[in-house]
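This is protein.cif. It holds mmCIF, C-alpha atoms.
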data_coords
#
loop_
_atom_site.group_PDB
_atom_site.id
_atom_site.type_symbol
_atom_site.label_atom_id
_atom_site.label_comp_id
_atom_site.auth_asym_id
_atom_site.auth_seq_id
_atom_site.Cartn_x
_atom_site.Cartn_y
_atom_site.Cartn_z
ATOM 1 C CA MET A 1305 91.250 82.874 81.251
ATOM 2 C CA GLU A 1306 93.762 80.404 82.610
ATOM 3 C CA LYS A 1307 93.418 79.278 86.193
ATOM 4 C CA ARG A 1308 96.932 80.441 87.138
ATOM 5 C CA HIS A 1309 96.088 83.926 85.884
ATOM 6 C CA ILE A 1310 93.021 84.040 88.091
ATOM 7 C CA VAL A 1311 95.200 82.984 91.037
ATOM 8 C CA MET A 1312 97.635 85.811 90.187
ATOM 9 C CA LEU A 1313 94.799 88.361 90.172
ATOM 10 C CA ILE A 1314 93.622 87.092 93.551
ATOM 11 C CA VAL A 1315 97.167 87.520 94.911
ATOM 12 C CA VAL A 1316 97.144 91.124 93.637
ATOM 13 C CA ALA A 1317 93.877 91.711 95.493
ATOM 14 C CA PHE A 1318 95.439 90.336 98.679
ATOM 15 C CA ILE A 1319 98.484 92.607 98.283
ATOM 16 C CA CYS A 1320 96.026 95.523 98.505
ATOM 17 C CA ILE A 1321 93.888 94.035 101.272
ATOM 18 C CA ILE A 1322 96.725 93.137 103.669
ATOM 19 C CA PRO A 1323 97.797 96.766 104.417
ATOM 20 C CA LEU A 1324 94.132 97.654 104.945
ATOM 21 C CA LEU A 1325 93.925 94.919 107.600
ATOM 22 C CA ILE A 1326 97.290 95.710 109.244
ATOM 23 C CA TYR A 1327 96.433 99.394 109.694
ATOM 24 C CA ASN A 1328 92.710 98.885 110.163
ATOM 25 C CA GLY A 1329 91.134 101.770 112.091
ATOM 26 C CA LEU A 1330 93.989 104.163 111.334
ATOM 27 C CA GLY A 1331 93.554 106.993 108.884
ATOM 28 C CA GLU A 1332 95.179 110.001 107.343
ATOM 29 C CA GLU A 1333 95.087 111.904 110.662
ATOM 30 C CA GLN A 1334 97.437 109.310 112.154
ATOM 31 C CA GLY A 1335 99.692 109.524 109.111
ATOM 32 C CA TYR A 1336 98.508 106.402 107.311
ATOM 33 C CA PHE A 1337 97.441 105.791 103.710
ATOM 34 C CA GLY A 1338 98.754 109.142 102.507
ATOM 35 C CA GLY A 1339 100.788 109.369 99.323
ATOM 36 C CA ALA A 1340 104.483 108.488 99.450
ATOM 37 C CA ASP A 1341 105.148 111.610 97.375
ATOM 38 C CA ASP A 1342 103.492 113.787 100.056
ATOM 39 C CA LYS A 1343 105.864 112.313 102.640
ATOM 40 C CA ALA A 1344 108.835 113.116 100.411
ATOM 41 C CA SER A 1345 107.513 116.680 99.901
ATOM 42 C CA GLN A 1346 107.290 117.108 103.686
ATOM 43 C CA LEU A 1347 110.846 115.859 104.106
ATOM 44 C CA ILE A 1348 112.056 118.411 101.550
ATOM 45 C CA GLU A 1349 110.070 121.258 103.134
ATOM 46 C CA GLU A 1350 111.686 120.416 106.497
ATOM 47 C CA THR A 1351 115.041 121.424 104.976
ATOM 48 C CA GLY A 1352 113.582 124.936 104.536
ATOM 49 C CA TYR A 1353 113.048 124.596 100.802
ATOM 50 C CA LYS A 1354 110.059 126.390 99.306
ATOM 51 C CA PRO A 1355 108.568 124.987 96.093
ATOM 52 C CA TRP A 1356 109.042 127.584 93.346
ATOM 53 C CA PHE A 1357 106.193 126.554 91.079
ATOM 54 C CA GLU A 1358 102.529 125.753 91.700
ATOM 55 C CA PRO A 1359 100.464 123.357 89.576
ATOM 56 C CA LEU A 1360 98.739 125.343 86.785
ATOM 57 C CA TRP A 1361 95.424 123.800 87.759
ATOM 58 C CA GLU A 1362 94.395 121.623 90.661
ATOM 59 C CA PRO A 1363 91.298 119.447 90.984
ATOM 60 C CA PRO A 1364 89.043 121.596 93.211
ATOM 61 C CA SER A 1365 88.019 118.647 95.407
ATOM 62 C CA GLY A 1366 88.731 115.009 96.172
ATOM 63 C CA GLU A 1367 85.680 114.059 94.127
ATOM 64 C CA ILE A 1368 86.986 115.768 91.005
ATOM 65 C CA GLU A 1369 90.415 114.258 91.551
ATOM 66 C CA SER A 1370 88.985 110.743 91.806
ATOM 67 C CA LEU A 1371 86.935 111.469 88.671
ATOM 68 C CA PHE A 1372 90.103 112.092 86.654
ATOM 69 C CA PHE A 1373 91.891 109.076 88.101
ATOM 70 C CA ALA A 1374 88.885 106.930 87.184
ATOM 71 C CA VAL A 1375 88.830 108.438 83.677
ATOM 72 C CA GLN A 1376 92.517 107.615 83.312
ATOM 73 C CA ALA A 1377 91.965 103.979 84.312
ATOM 74 C CA ALA A 1378 88.843 103.743 82.145
ATOM 75 C CA ILE A 1379 90.694 104.960 79.039
ATOM 76 C CA GLY A 1380 93.349 102.302 79.614
ATOM 77 C CA ALA A 1381 90.881 99.516 80.325
ATOM 78 C CA LEU A 1382 88.778 100.429 77.291
ATOM 79 C CA ILE A 1383 91.764 100.177 74.939
ATOM 80 C CA ILE A 1384 93.034 96.861 76.356
ATOM 81 C CA GLY A 1385 89.532 95.340 76.368
ATOM 82 C CA TYR A 1386 88.926 96.497 72.796
ATOM 83 C CA VAL A 1387 92.196 95.066 71.431
ATOM 84 C CA PHE A 1388 91.903 91.763 73.296
ATOM 85 C CA GLY A 1389 88.312 91.349 72.135
ATOM 86 C CA TYR A 1390 89.364 92.160 68.577
ATOM 87 C CA TYR A 1391 92.152 89.543 68.708
ATOM 88 C CA LYS A 1392 89.813 86.980 70.184
ATOM 89 C CA GLY A 1393 87.271 87.592 67.412
ATOM 90 C CA GLN A 1394 89.997 87.300 64.774
ATOM 91 C CA GLN A 1395 91.079 83.976 66.233
ATOM 92 C CA LYS A 1396 87.570 82.578 66.040
ATOM 93 C CA THR A 1397 86.913 83.545 62.435
ATOM 94 C CA SER A 1398 90.293 82.411 61.083
ATOM 95 C CA MET B 1050 105.651 117.149 93.245
ATOM 96 C CA GLU B 1051 105.413 120.352 91.220
ATOM 97 C CA GLY B 1052 108.136 122.892 92.036
ATOM 98 C CA PHE B 1053 109.979 120.546 94.382
ATOM 99 C CA LEU B 1054 113.115 120.300 92.252
ATOM 100 C CA PRO B 1055 115.384 123.361 92.010
ATOM 101 C CA TRP B 1056 115.164 124.785 88.481
ATOM 102 C CA GLN B 1057 118.721 123.793 87.541
ATOM 103 C CA TRP B 1058 117.809 120.135 88.089
ATOM 104 C CA CYS B 1059 114.549 120.554 86.176
ATOM 105 C CA ILE B 1060 116.506 121.802 83.171
ATOM 106 C CA LEU B 1061 119.083 119.004 83.434
ATOM 107 C CA TRP B 1062 116.455 116.226 83.497
ATOM 108 C CA TYR B 1063 114.532 117.873 80.666
ATOM 109 C CA ALA B 1064 117.763 118.087 78.652
ATOM 110 C CA ILE B 1065 118.323 114.348 79.089
ATOM 111 C CA SER B 1066 114.703 113.230 78.597
ATOM 112 C CA LEU B 1067 113.662 115.389 75.616
ATOM 113 C CA PRO B 1068 116.093 113.850 73.100
ATOM 114 C CA VAL B 1069 115.020 110.364 74.232
ATOM 115 C CA ILE B 1070 111.339 111.293 73.746
ATOM 116 C CA ILE B 1071 112.111 112.539 70.236
ATOM 117 C CA TYR B 1072 114.093 109.378 69.450
ATOM 118 C CA GLY B 1073 111.205 107.296 70.859
ATOM 119 C CA ILE B 1074 108.691 109.062 68.601
ATOM 120 C CA ILE B 1075 110.899 108.256 65.582
ATOM 121 C CA ARG B 1076 111.042 104.611 66.717
ATOM 122 C CA ILE B 1077 107.254 104.452 67.118
ATOM 123 C CA MET B 1078 106.745 105.788 63.591
ATOM 124 C CA LYS B 1079 109.250 103.241 62.283
ATOM 125 C CA VAL B 1080 107.617 100.288 64.053
ATOM 126 C CA ALA B 1081 104.128 101.409 62.986
ATOM 127 C CA ASP B 1082 105.381 101.697 59.418
ATOM 128 C CA GLU B 1083 107.344 98.440 59.179
ATOM 129 C CA LEU B 1084 105.032 96.321 61.308
ATOM 130 C CA PRO B 1085 101.514 97.793 61.111
ATOM 131 C CA GLU B 1086 100.077 94.781 62.935
ATOM 132 C CA SER B 1087 101.958 95.907 66.045
ATOM 133 C CA LYS B 1088 99.867 99.102 66.313
ATOM 134 C CA PRO B 1089 97.203 97.559 68.595
ATOM 135 C CA LEU B 1090 99.993 96.367 70.902
ATOM 136 C CA LEU B 1091 101.482 99.863 71.021
ATOM 137 C CA ALA B 1092 98.047 101.010 72.183
ATOM 138 C CA VAL B 1093 97.820 98.198 74.749
ATOM 139 C CA SER B 1094 101.279 99.030 76.168
ATOM 140 C CA GLY B 1095 100.369 102.695 76.558
ATOM 141 C CA ALA B 1096 96.956 101.805 77.985
ATOM 142 C CA PHE B 1097 98.588 99.488 80.531
ATOM 143 C CA ILE B 1098 100.679 102.418 81.822
ATOM 144 C CA PHE B 1099 97.502 104.539 81.939
ATOM 145 C CA ILE B 1100 95.724 101.997 84.137
ATOM 146 C CA LEU B 1101 98.558 101.038 86.468
ATOM 147 C CA SER B 1102 99.726 104.586 87.151
ATOM 148 C CA SER B 1103 96.173 105.588 88.087
ATOM 149 C CA LEU B 1104 95.911 102.901 90.772
ATOM 150 C CA LYS B 1105 97.125 104.325 94.052
ATOM 151 C CA MET B 1106 97.534 101.210 96.150
ATOM 152 C CA PRO B 1107 98.145 100.877 99.896
ATOM 153 C CA SER B 1108 101.431 99.286 100.913
ATOM 154 C CA VAL B 1109 102.622 97.520 104.059
ATOM 155 C CA THR B 1110 104.641 100.638 104.981
ATOM 156 C CA GLY B 1111 101.312 102.431 105.543
ATOM 157 C CA SER B 1112 101.796 104.812 102.626
ATOM 158 C CA CYS B 1113 100.115 104.704 99.242
ATOM 159 C CA SER B 1114 101.834 104.772 95.898
ATOM 160 C CA HIS B 1115 101.101 103.601 92.385
ATOM 161 C CA PRO B 1116 102.752 101.087 90.064
ATOM 162 C CA THR B 1117 104.235 102.304 86.789
ATOM 163 C CA GLY B 1118 103.174 99.797 84.124
ATOM 164 C CA ASN B 1119 106.367 100.482 82.171
ATOM 165 C CA GLY B 1120 107.479 96.820 82.030
ATOM 166 C CA LEU B 1121 105.027 95.663 79.346
ATOM 167 C CA GLY B 1122 106.002 98.327 76.818
ATOM 168 C CA ALA B 1123 109.704 97.816 77.551
ATOM 169 C CA ILE B 1124 109.439 94.050 76.950
ATOM 170 C CA LEU B 1125 107.390 94.391 73.761
ATOM 171 C CA PHE B 1126 108.971 97.470 72.182
ATOM 172 C CA GLY B 1127 112.137 98.328 74.116
ATOM 173 C CA PRO B 1128 112.800 101.264 76.455
ATOM 174 C CA TRP B 1129 112.775 104.222 74.013
ATOM 175 C CA ILE B 1130 109.221 103.722 72.795
ATOM 176 C CA THR B 1131 108.126 103.271 76.412
ATOM 177 C CA THR B 1132 109.658 106.678 77.216
ATOM 178 C CA VAL B 1133 107.077 108.356 74.970
ATOM 179 C CA MET B 1134 104.184 106.446 76.551
ATOM 180 C CA ALA B 1135 105.334 107.328 80.070
ATOM 181 C CA ALA B 1136 105.690 111.000 79.094
ATOM 182 C CA ILE B 1137 102.094 111.062 77.772
ATOM 183 C CA VAL B 1138 100.739 109.650 81.043
ATOM 184 C CA LEU B 1139 102.897 112.040 83.084
ATOM 185 C CA ILE B 1140 101.567 115.040 81.111
ATOM 186 C CA PHE B 1141 97.967 113.831 81.650
ATOM 187 C CA GLN B 1142 98.568 113.546 85.401
ATOM 188 C CA ALA B 1143 100.446 116.845 85.657
ATOM 189 C CA LEU B 1144 97.749 118.850 83.841
ATOM 190 C CA LEU B 1145 94.550 117.232 85.134
ATOM 191 C CA LEU B 1146 95.514 115.818 88.511
ATOM 192 C CA ALA B 1147 98.235 118.157 89.846
ATOM 193 C CA HIS B 1148 100.141 114.908 90.266
ATOM 194 C CA GLY B 1149 103.791 114.745 89.256
ATOM 195 C CA GLY B 1150 104.193 118.186 87.734
ATOM 196 C CA LEU B 1151 105.322 120.082 84.652
ATOM 197 C CA THR B 1152 108.584 121.385 86.138
ATOM 198 C CA THR B 1153 109.412 117.848 87.268
ATOM 199 C CA LEU B 1154 108.216 116.249 84.013
ATOM 200 C CA GLY B 1155 111.763 115.804 82.722
ATOM 201 C CA ALA B 1156 112.885 114.156 85.965
ATOM 202 C CA ASN B 1157 109.823 111.893 86.115
ATOM 203 C CA THR B 1158 110.201 110.902 82.469
ATOM 204 C CA PHE B 1159 113.829 110.023 83.228
ATOM 205 C CA SER B 1160 112.909 107.701 86.132
ATOM 206 C CA MET B 1161 109.642 106.175 84.876
ATOM 207 C CA GLY B 1162 110.252 106.378 81.138
ATOM 208 C CA ILE B 1163 113.985 105.793 80.750
ATOM 209 C CA ILE B 1164 115.741 104.098 83.700
ATOM 210 C CA GLY B 1165 112.805 101.844 84.727
ATOM 211 C CA PRO B 1166 112.171 100.601 81.165
ATOM 212 C CA ILE B 1167 115.913 100.105 80.493
ATOM 213 C CA PHE B 1168 116.144 97.847 83.550
ATOM 214 C CA ALA B 1169 112.928 96.028 82.588
ATOM 215 C CA TRP B 1170 114.152 95.479 79.034
ATOM 216 C CA LEU B 1171 117.635 94.259 80.037
ATOM 217 C CA THR B 1172 116.155 92.014 82.732
ATOM 218 C CA TYR B 1173 113.758 90.438 80.251
ATOM 219 C CA LYS B 1174 116.447 89.841 77.615
ATOM 220 C CA GLY B 1175 118.890 88.520 80.218
ATOM 221 C CA SER B 1176 116.338 86.176 81.810
ATOM 222 C CA ILE B 1177 115.380 84.730 78.421
ATOM 223 C CA LYS B 1178 119.069 84.201 77.583
ATOM 224 C CA LEU B 1179 119.437 82.357 80.904
ATOM 225 C CA ASN B 1180 116.582 80.078 79.816
ATOM 226 C CA LEU B 1181 114.263 81.175 82.632
ATOM 227 C CA PRO B 1182 110.557 80.514 82.020
ATOM 228 C CA ILE B 1183 108.780 83.375 80.222
ATOM 229 C CA SER B 1184 106.492 84.157 83.148
ATOM 230 C CA ILE B 1185 109.510 84.529 85.486
ATOM 231 C CA ALA B 1186 111.298 86.734 82.946
ATOM 232 C CA VAL B 1187 108.222 88.979 82.599
ATOM 233 C CA PHE B 1188 107.723 89.129 86.362
ATOM 234 C CA LEU B 1189 111.336 90.103 87.091
ATOM 235 C CA ALA B 1190 111.330 92.683 84.287
ATOM 236 C CA ALA B 1191 108.107 94.357 85.440
ATOM 237 C CA PHE B 1192 109.132 94.213 89.117
ATOM 238 C CA LEU B 1193 112.516 95.819 88.462
ATOM 239 C CA GLY B 1194 111.033 98.356 86.041
ATOM 240 C CA ASP B 1195 108.764 99.489 88.883
ATOM 241 C CA ILE B 1196 111.352 99.417 91.678
ATOM 242 C CA MET B 1197 114.117 101.080 89.651
ATOM 243 C CA THR B 1198 111.726 103.914 88.736
ATOM 244 C CA TYR B 1199 111.389 104.804 92.407
ATOM 245 C CA VAL B 1200 115.039 104.127 93.246
ATOM 246 C CA THR B 1201 115.871 106.653 90.522
ATOM 247 C CA THR B 1202 113.361 109.143 91.964
ATOM 248 C CA SER B 1203 115.019 108.741 95.365
ATOM 249 C CA PHE B 1204 118.463 109.467 93.912
ATOM 250 C CA GLN B 1205 117.163 112.420 91.902
ATOM 251 C CA LEU B 1206 115.743 113.971 95.075
ATOM 252 C CA ALA B 1207 118.908 113.117 97.033
ATOM 253 C CA LEU B 1208 121.060 114.813 94.375
ATOM 254 C CA ALA B 1209 118.967 117.973 94.685
ATOM 255 C CA PHE B 1210 118.772 117.826 98.513
ATOM 256 C CA PRO B 1211 121.964 116.088 99.703
ATOM 257 C CA THR B 1212 121.479 116.801 103.435
ATOM 258 C CA PRO B 1213 123.500 115.754 105.384
ATOM 259 C CA ASN B 1214 125.138 113.906 102.502
ATOM 260 C CA LEU B 1215 124.122 112.164 99.289
ATOM 261 C CA ILE B 1216 124.026 108.607 100.663
ATOM 262 C CA ALA B 1217 122.089 109.520 103.824
ATOM 263 C CA ALA B 1218 119.625 111.593 101.794
ATOM 264 C CA ALA B 1219 119.198 108.817 99.225
ATOM 265 C CA SER B 1220 118.446 106.233 101.895
ATOM 266 C CA LYS B 1221 115.905 108.602 103.499
ATOM 267 C CA PHE B 1222 114.018 109.001 100.202
ATOM 268 C CA MET B 1223 114.464 105.311 99.475
ATOM 269 C CA LEU B 1224 112.784 104.533 102.801
ATOM 270 C CA ILE B 1225 109.754 106.550 101.662
ATOM 271 C CA PHE B 1226 109.570 105.475 98.015
ATOM 272 C CA ALA B 1227 111.378 102.205 97.304
ATOM 273 C CA TYR B 1228 110.232 100.174 100.325
ATOM 274 C CA THR B 1229 106.639 101.239 99.835
ATOM 275 C CA GLN B 1230 107.035 100.103 96.262
ATOM 276 C CA VAL B 1231 108.124 96.482 96.920
ATOM 277 C CA PRO B 1232 104.647 94.894 97.323
ATOM 278 C CA LEU B 1233 103.335 97.139 94.544
ATOM 279 C CA GLY B 1234 106.133 95.901 92.319
ATOM 280 C CA VAL B 1235 105.054 92.316 93.016
ATOM 281 C CA ALA B 1236 101.469 93.234 92.075
ATOM 282 C CA GLU B 1237 102.732 94.942 88.931
ATOM 283 C CA GLY B 1238 104.806 91.867 88.034
ATOM 284 C CA LEU B 1239 101.777 89.590 88.332
ATOM 285 C CA LEU B 1240 99.478 91.908 86.331
ATOM 286 C CA THR B 1241 102.122 92.194 83.596
ATOM 287 C CA ILE B 1242 102.363 88.380 83.366
ATOM 288 C CA VAL B 1243 98.581 88.107 82.919
ATOM 289 C CA VAL B 1244 98.464 90.706 80.131
ATOM 290 C CA PHE B 1245 101.668 89.535 78.419
ATOM 291 C CA GLU B 1246 100.748 85.843 78.386
ATOM 292 C CA ASN B 1247 97.315 86.635 76.993
ATOM 293 C CA ILE B 1248 98.972 88.605 74.178
ATOM 294 C CA LEU B 1249 101.210 85.579 73.473
ATOM 295 C CA LYS B 1250 98.202 83.285 73.403
ATOM 296 C CA LEU B 1251 96.131 85.514 71.116
ATOM 297 C CA LYS B 1252 98.958 86.660 68.819
ATOM 298 C CA PRO B 1253 101.758 84.076 68.882
ATOM 299 C CA ASP B 1254 103.133 85.293 65.527
ATOM 300 C CA ILE B 1255 103.852 88.792 66.871
ATOM 301 C CA THR B 1256 106.508 87.538 69.309
ATOM 302 C CA GLU B 1257 108.791 86.487 66.453
ATOM 303 C CA LYS B 1258 108.279 89.709 64.546
ATOM 304 C CA LEU B 1259 109.046 91.839 67.603
ATOM 305 C CA ASN B 1260 112.166 89.745 68.203
ATOM 306 C CA LEU B 1261 111.138 88.736 71.730
ATOM 307 C CA LEU B 1262 113.649 85.859 71.771
ATOM 308 C CA ILE B 1263 111.022 83.312 72.630
ATOM 309 C CA ARG B 1264 112.059 79.961 71.238
ATOM 310 C CA LYS B 1265 109.482 77.707 69.670
ATOM 311 C CA PRO B 1266 108.250 74.995 72.054
ATOM 312 C CA THR B 1267 109.689 72.302 69.755
ATOM 313 C CA SER B 1268 113.241 73.565 70.163
ATOM 314 C CA THR B 1269 113.113 73.993 73.954
ATOM 315 C CA ARG B 1270 111.386 70.826 75.021
#

Is it possible to express this structure as structure tokens?
Amino acid sequence: MEKRHIVMLIVVAFICIIPLLIYNGLGEEQGYFGGADDKASQLIEETGYKPWFEPLWEPPSGEIESLFFAVQAAIGALIIGYVFGYYKGQQKTS
Amino acid sequence: MEGFLPWQWCILWYAISLPVIIYGIIRIMKVADELPESKPLLAVSGAFIFILSSLKMPSVTGSCSHPTGNGLGAILFGPWITTVMAAIVLIFQALLLAHGGLTTLGANTFSMGIIGPIFAWLTYKGSIKLNLPISIAVFLAAFLGDIMTYVTTSFQLALAFPTPNLIAAASKFMLIFAYTQVPLGVAEGLLTIVVFENILKLKPDITEKLNLLIRKPTSTR
């Protein structure tokens, strides 16, 4: 991998780390690190609107939810890793 | 945000998004047929959306949100094919994660799969025409693809809940979504550069076949 790409990945890591440092010690009870979509839902519910449809199925716990998010990322990473490795191998043999 | 759009809006966004999804499927079959060597890149573009939209990242606003990943597909294959990929991810998240939603699927496909990719695609083409370096063009495209997705979401919610008026409502939702998204958009731009430039390095011939407007080094320098 090129050096500038490694630098870019490090910058991405810092983009995630900086908010963790700024709001260090604060949590969901204080209104931090929740989802932006939850905030929007709250704003809408304040207008008196009641959602008219419930999700067909909800992950029964945070653990199960994180399982599916991890599966989603793993599927993506598997495909990209496979294709890049395949291309790399092609390059070497040709 | 299942059930959070009044049903009339759900139907409207479905009515706009469904034809685009169908057109996108036709385009995918055409590309796969005419350029079979692009199939792995179709998979990579979809996979990139899978990864990025699963990463809920913290932002400097103190809220968390996730990038979209729609820039890569839009640059490589144009917006309509990306619409299909975004819809697949949105269905996965609606069914298994109670994230997004089935009633709001049309609206979310419109923002993440249509408007975001259109902006990403136009930005990429425009930047290349202006002779900007490829990495800058990719960065701007991916950044705007991400930001415009959430700007569109903000307007969609404001249209459904225009209290006290459309502009005030839009800026309220923008405050929640779009500002949170700025650092995430930067991260998305950088990640898209890394993946895109590695594709260029490994498969330089594909850029010409996909008509990516990248001039040969001999003609530019």

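Counting all atoms listed in the file, range 1076-1079 of chain B has the following residues at most 10 Å away, ignoring those fewer than 3 positions along the same chain: Ile1070, Ile1071, Tyr1072, Gly1073, Asp1082, Glu1083, Leu1084, Pro1085, Lys1088, Leu1091, Phe1126, Gly1127, Trp1129, Ile1130, Thr1131 and Val1133 of chain B.
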
Next on the checklist: Give me, as number ranges by chain, the residues of chain A touching chain B, with the criterion being at most 8 Å (counting only C-alpha atoms).
Outcome noted: A: 1309, 1312-1313, 1315-1316, 1319-1320, 1322-1324, 1326-1327, 1336-1345, 1348, 1354-1363, 1369, 1372-1374, 1376-1381, 1383-1384, 1387-1388, 1391-1392, 1395

Checklist entry - Suppose you want the space between CA of Gly1389 in chain A and CA of Leu1121 in chain B; what is it in Å? => result 18.7 Å

Next on the checklist: I'd like the interatomic distance between CA of Ala1219 in chain B and CA of Thr1153 in chain B, to a tenth of an Å.
Outcome noted: 17.9 Å

Checklist entry - Pick the closest to Pro1211 in chain B from A:Glu1306, A:Val1375, A:Leu1347, A:Ser1365: which is it, counting all atoms listed in the file? => result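 Of the candidates, the smallest distance to Pro1211 in chain B is held by A:Leu1347.
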